[in-house]
Protein chains: 2
Amino acid sequence: MVEGMVMERYTAEELAGVYRAIRERRDVRSGFLPNSLPEDLVLRLLRSAHQAPSVGFMQPWRFIVIRSRETRQAIFEIFQDARAQEHQTYCEDRAELYSRLTLQGILTAPLNICVVCDCESSRGHSLGRHTMPETALYSAVCAIQNLWIAARAEGVGLGWVSIIDPERAKRVLKIPRSVTLVGYFCIGYVEAFAPEPDLERAGWERRLPLEEVLRSETFDQAWRGIDPQ
Amino acid sequence: MVEGMVMERYTAEELAGVYRAIRERRDVRSGFLPNSLPEDLVLRLLRSAHQAPSVGFMQPWRFIVIRSRETRQAIFEIFQDARAQEHQTYCEDRAELYSRLTLQGILTAPLNICVVCDCESSRGHSLGRHTMPETALYSAVCAIQNLWIAARAEGVGLGWVSIIDPERAKRVLKIPRSVTLVGYFCIGYVEAFAPEPDLERAGWERRLPLEEVLRSETFDQAWRGIDPQ
């Protein structure tokens, strides 16, 4: 047993807090309050992100905190182009439904964060990456999910903006070609959180019951038939 | 405001529970107790995973819960081969250090879970994936991090085994070629959690201070020089 081992069980309320934050976390794209986030709160959230697991203890994530209106405007324009292109891929009712979705809060949230991953870093000495090099990127995603859960518990909404051309966004943020933009986020206080995901409420996609995605021992070939709404 | 909006702030203890689970989560590869995990606990953990965010509300993750000794033995052999190969890439002191690391608990933990991602599923109608198709995989990683944090709060250790050839493991688990094996995990009760990551304690890699990975407005070109220990 290593010195300093942590043995105390979580209290019922601590445990409930964990399950509550996981359950009530939402992808927030609207309803942001204009109040800026206190610096110590932003640091608490990013410290949680930085406590994520990483392959080989590589810690390959890098966080860029963006407040500049000019930068956010440039990213917003990249979003608008991507959204217009994506919109064109849908027909009739679904195109109409798509046009009504709010898909980002880049300018309405007081803060944006870009999470990038330096997959070429030699930190971690490649441990675990000989077989699964993608785990460097996955480590950065674990950091994002930590950030998201901590933010929810603090009453802070976070939205993941994936409708952007990452290469164009990298040029705006001066990110080198060999570094991967993993995610771009809009963040801010909100008055309340929606009871279910926006896309579920809007009728974009139905929720799968847990039982449909859970099997014992082997992959279920019938899974390939899980169809969209 | 949507009906049923969640407005209540988290209590100090709920919030502390969230930060505690994030901070005290460890990648656990040893010290598993032989007790099997109650079925309702396993379902609670997987329900948390299933509450993860997903691009387009795609929910592309599929969970395979593995208890069979024969299957775990087959995966263990795949690990041993990968470990021997990775070991050969290190020289002298680092090879010696590598040989002393415990890198999995496939057979010593009572439960294994494999998380796969069906990136070809048409669920979610490709929303957000025209620009960033990798977000399907990232959604599955968010599910993994939810599982990991909930497990920690329940006193359950989880270890991510990335030193396996994923294609060989897929054949053992009958996973189709077009489905991605995202992560393979060993899970079980532990008596205590280590105060810091195993790889930090073993001297494999140093911990980066948060300040080293955090910048404002743009990428810091000096980041490329963050070197390993």
# chains A, B, ... in the order shown; residues from 1 in each chain; ligands from 1
$ residues_around --residues "region 105-120 of chain A" --least-positions-apart "2" --cutoff "8 Å" --atoms "only C-alpha atoms" --output "ChimeraX atom specification"
/A:28-30,32-37,60-67,69,72-73,75-76,103,122,136-137,140,144,159,178-188 /B:224
$ interface_residues --of "chain B" --to "chain A" --cutoff "6 Å" --atoms "only C-alpha atoms" --output "MDAnalysis selection string"
chainID B and resid 4:7 13:15 17:18 62:66 123:124 128 131 142 145 153 162:163 165 173:175 192:195 205 213:219 228
$ select_by_dssp --residues "region 80-135 of chain A" --states "helix (DSSP H, G or I)" --output "compact mmCIF listing (two decimals) with N, CA, C and O atoms, in the first residue's frame"
# COMPACT_ATOMS: atom_id res chain seq x y z
N GLN A 80 -20.62 30.01 -39.63
CA GLN A 80 -21.71 30.31 -40.56
C GLN A 80 -21.53 29.63 -41.91
O GLN A 80 -22.48 29.11 -42.48
N ASP A 81 -20.30 29.63 -42.40
CA ASP A 81 -20.03 28.96 -43.68
C ASP A 81 -20.29 27.46 -43.57
O ASP A 81 -20.89 26.85 -44.46
N ALA A 82 -19.80 26.85 -42.47
CA ALA A 82 -19.97 25.41 -42.30
C ALA A 82 -21.44 25.05 -42.14
O ALA A 82 -21.91 24.03 -42.65
N ARG A 83 -22.16 25.90 -41.43
CA ARG A 83 -23.59 25.65 -41.22
C ARG A 83 -24.35 25.73 -42.54
O ARG A 83 -25.23 24.89 -42.81
N ALA A 84 -24.00 26.70 -43.36
CA ALA A 84 -24.67 26.84 -44.66
C ALA A 84 -24.42 25.59 -45.51
O ALA A 84 -25.33 25.07 -46.17
N GLN A 85 -23.18 25.11 -45.48
CA GLN A 85 -22.85 23.90 -46.26
C GLN A 85 -23.59 22.68 -45.73
O GLN A 85 -24.09 21.87 -46.50
N GLU A 86 -23.62 22.55 -44.39
CA GLU A 86 -24.29 21.39 -43.82
C GLU A 86 -25.79 21.45 -44.11
O GLU A 86 -26.40 20.44 -44.42
N HIS A 87 -26.33 22.66 -44.04
CA HIS A 87 -27.76 22.84 -44.29
C HIS A 87 -28.15 22.29 -45.67
O HIS A 87 -29.19 21.65 -45.83
N GLU A 92 -36.04 19.03 -47.48
CA GLU A 92 -37.42 19.21 -47.02
C GLU A 92 -37.56 19.41 -45.50
O GLU A 92 -36.97 20.33 -44.96
N ASP A 93 -38.33 18.54 -44.86
CA ASP A 93 -38.63 18.74 -43.44
C ASP A 93 -37.37 18.82 -42.59
O ASP A 93 -37.30 19.61 -41.64
N ARG A 94 -36.37 17.99 -42.92
CA ARG A 94 -35.18 17.98 -42.09
C ARG A 94 -34.35 19.25 -42.30
O ARG A 94 -33.74 19.77 -41.36
N ALA A 95 -34.34 19.77 -43.50
CA ALA A 95 -33.66 21.04 -43.77
C ALA A 95 -34.34 22.17 -43.00
O ALA A 95 -33.68 23.04 -42.43
N GLU A 96 -35.67 22.10 -42.97
CA GLU A 96 -36.45 23.10 -42.24
C GLU A 96 -36.18 22.99 -40.73
O GLU A 96 -35.95 23.99 -40.04
N LEU A 97 -36.12 21.76 -40.24
CA LEU A 97 -35.82 21.52 -38.82
C LEU A 97 -34.40 22.03 -38.50
O LEU A 97 -34.18 22.72 -37.50
N TYR A 98 -33.45 21.71 -39.37
CA TYR A 98 -32.06 22.14 -39.18
C TYR A 98 -31.98 23.66 -39.07
O TYR A 98 -31.27 24.21 -38.22
N SER A 99 -32.72 24.34 -39.92
CA SER A 99 -32.62 25.81 -39.97
C SER A 99 -33.12 26.44 -38.67
O SER A 99 -32.80 27.58 -38.37
N ARG A 100 -33.92 25.67 -37.91
CA ARG A 100 -34.44 26.22 -36.66
C ARG A 100 -33.58 25.91 -35.44
O ARG A 100 -33.84 26.41 -34.35
N ARG A 123 6.38 13.71 -24.73
CA ARG A 123 6.02 13.44 -23.34
C ARG A 123 5.27 12.11 -23.25
O ARG A 123 4.47 11.77 -24.11
N GLY A 124 5.53 11.37 -22.18
CA GLY A 124 4.90 10.06 -22.01
C GLY A 124 5.70 8.95 -22.67
O GLY A 124 5.39 7.78 -22.50
N HIS A 125 6.72 9.35 -23.45
CA HIS A 125 7.62 8.38 -24.08
C HIS A 125 6.85 7.31 -24.85
O HIS A 125 7.21 6.14 -24.83
N SER A 126 5.76 7.74 -25.48
CA SER A 126 4.96 6.88 -26.36
C SER A 126 4.32 5.68 -25.66
O SER A 126 3.75 4.81 -26.34
N THR A 135 -4.99 7.39 -28.66
CA THR A 135 -5.27 7.65 -27.24
C THR A 135 -4.74 9.02 -26.78
O THR A 135 -5.18 9.51 -25.75
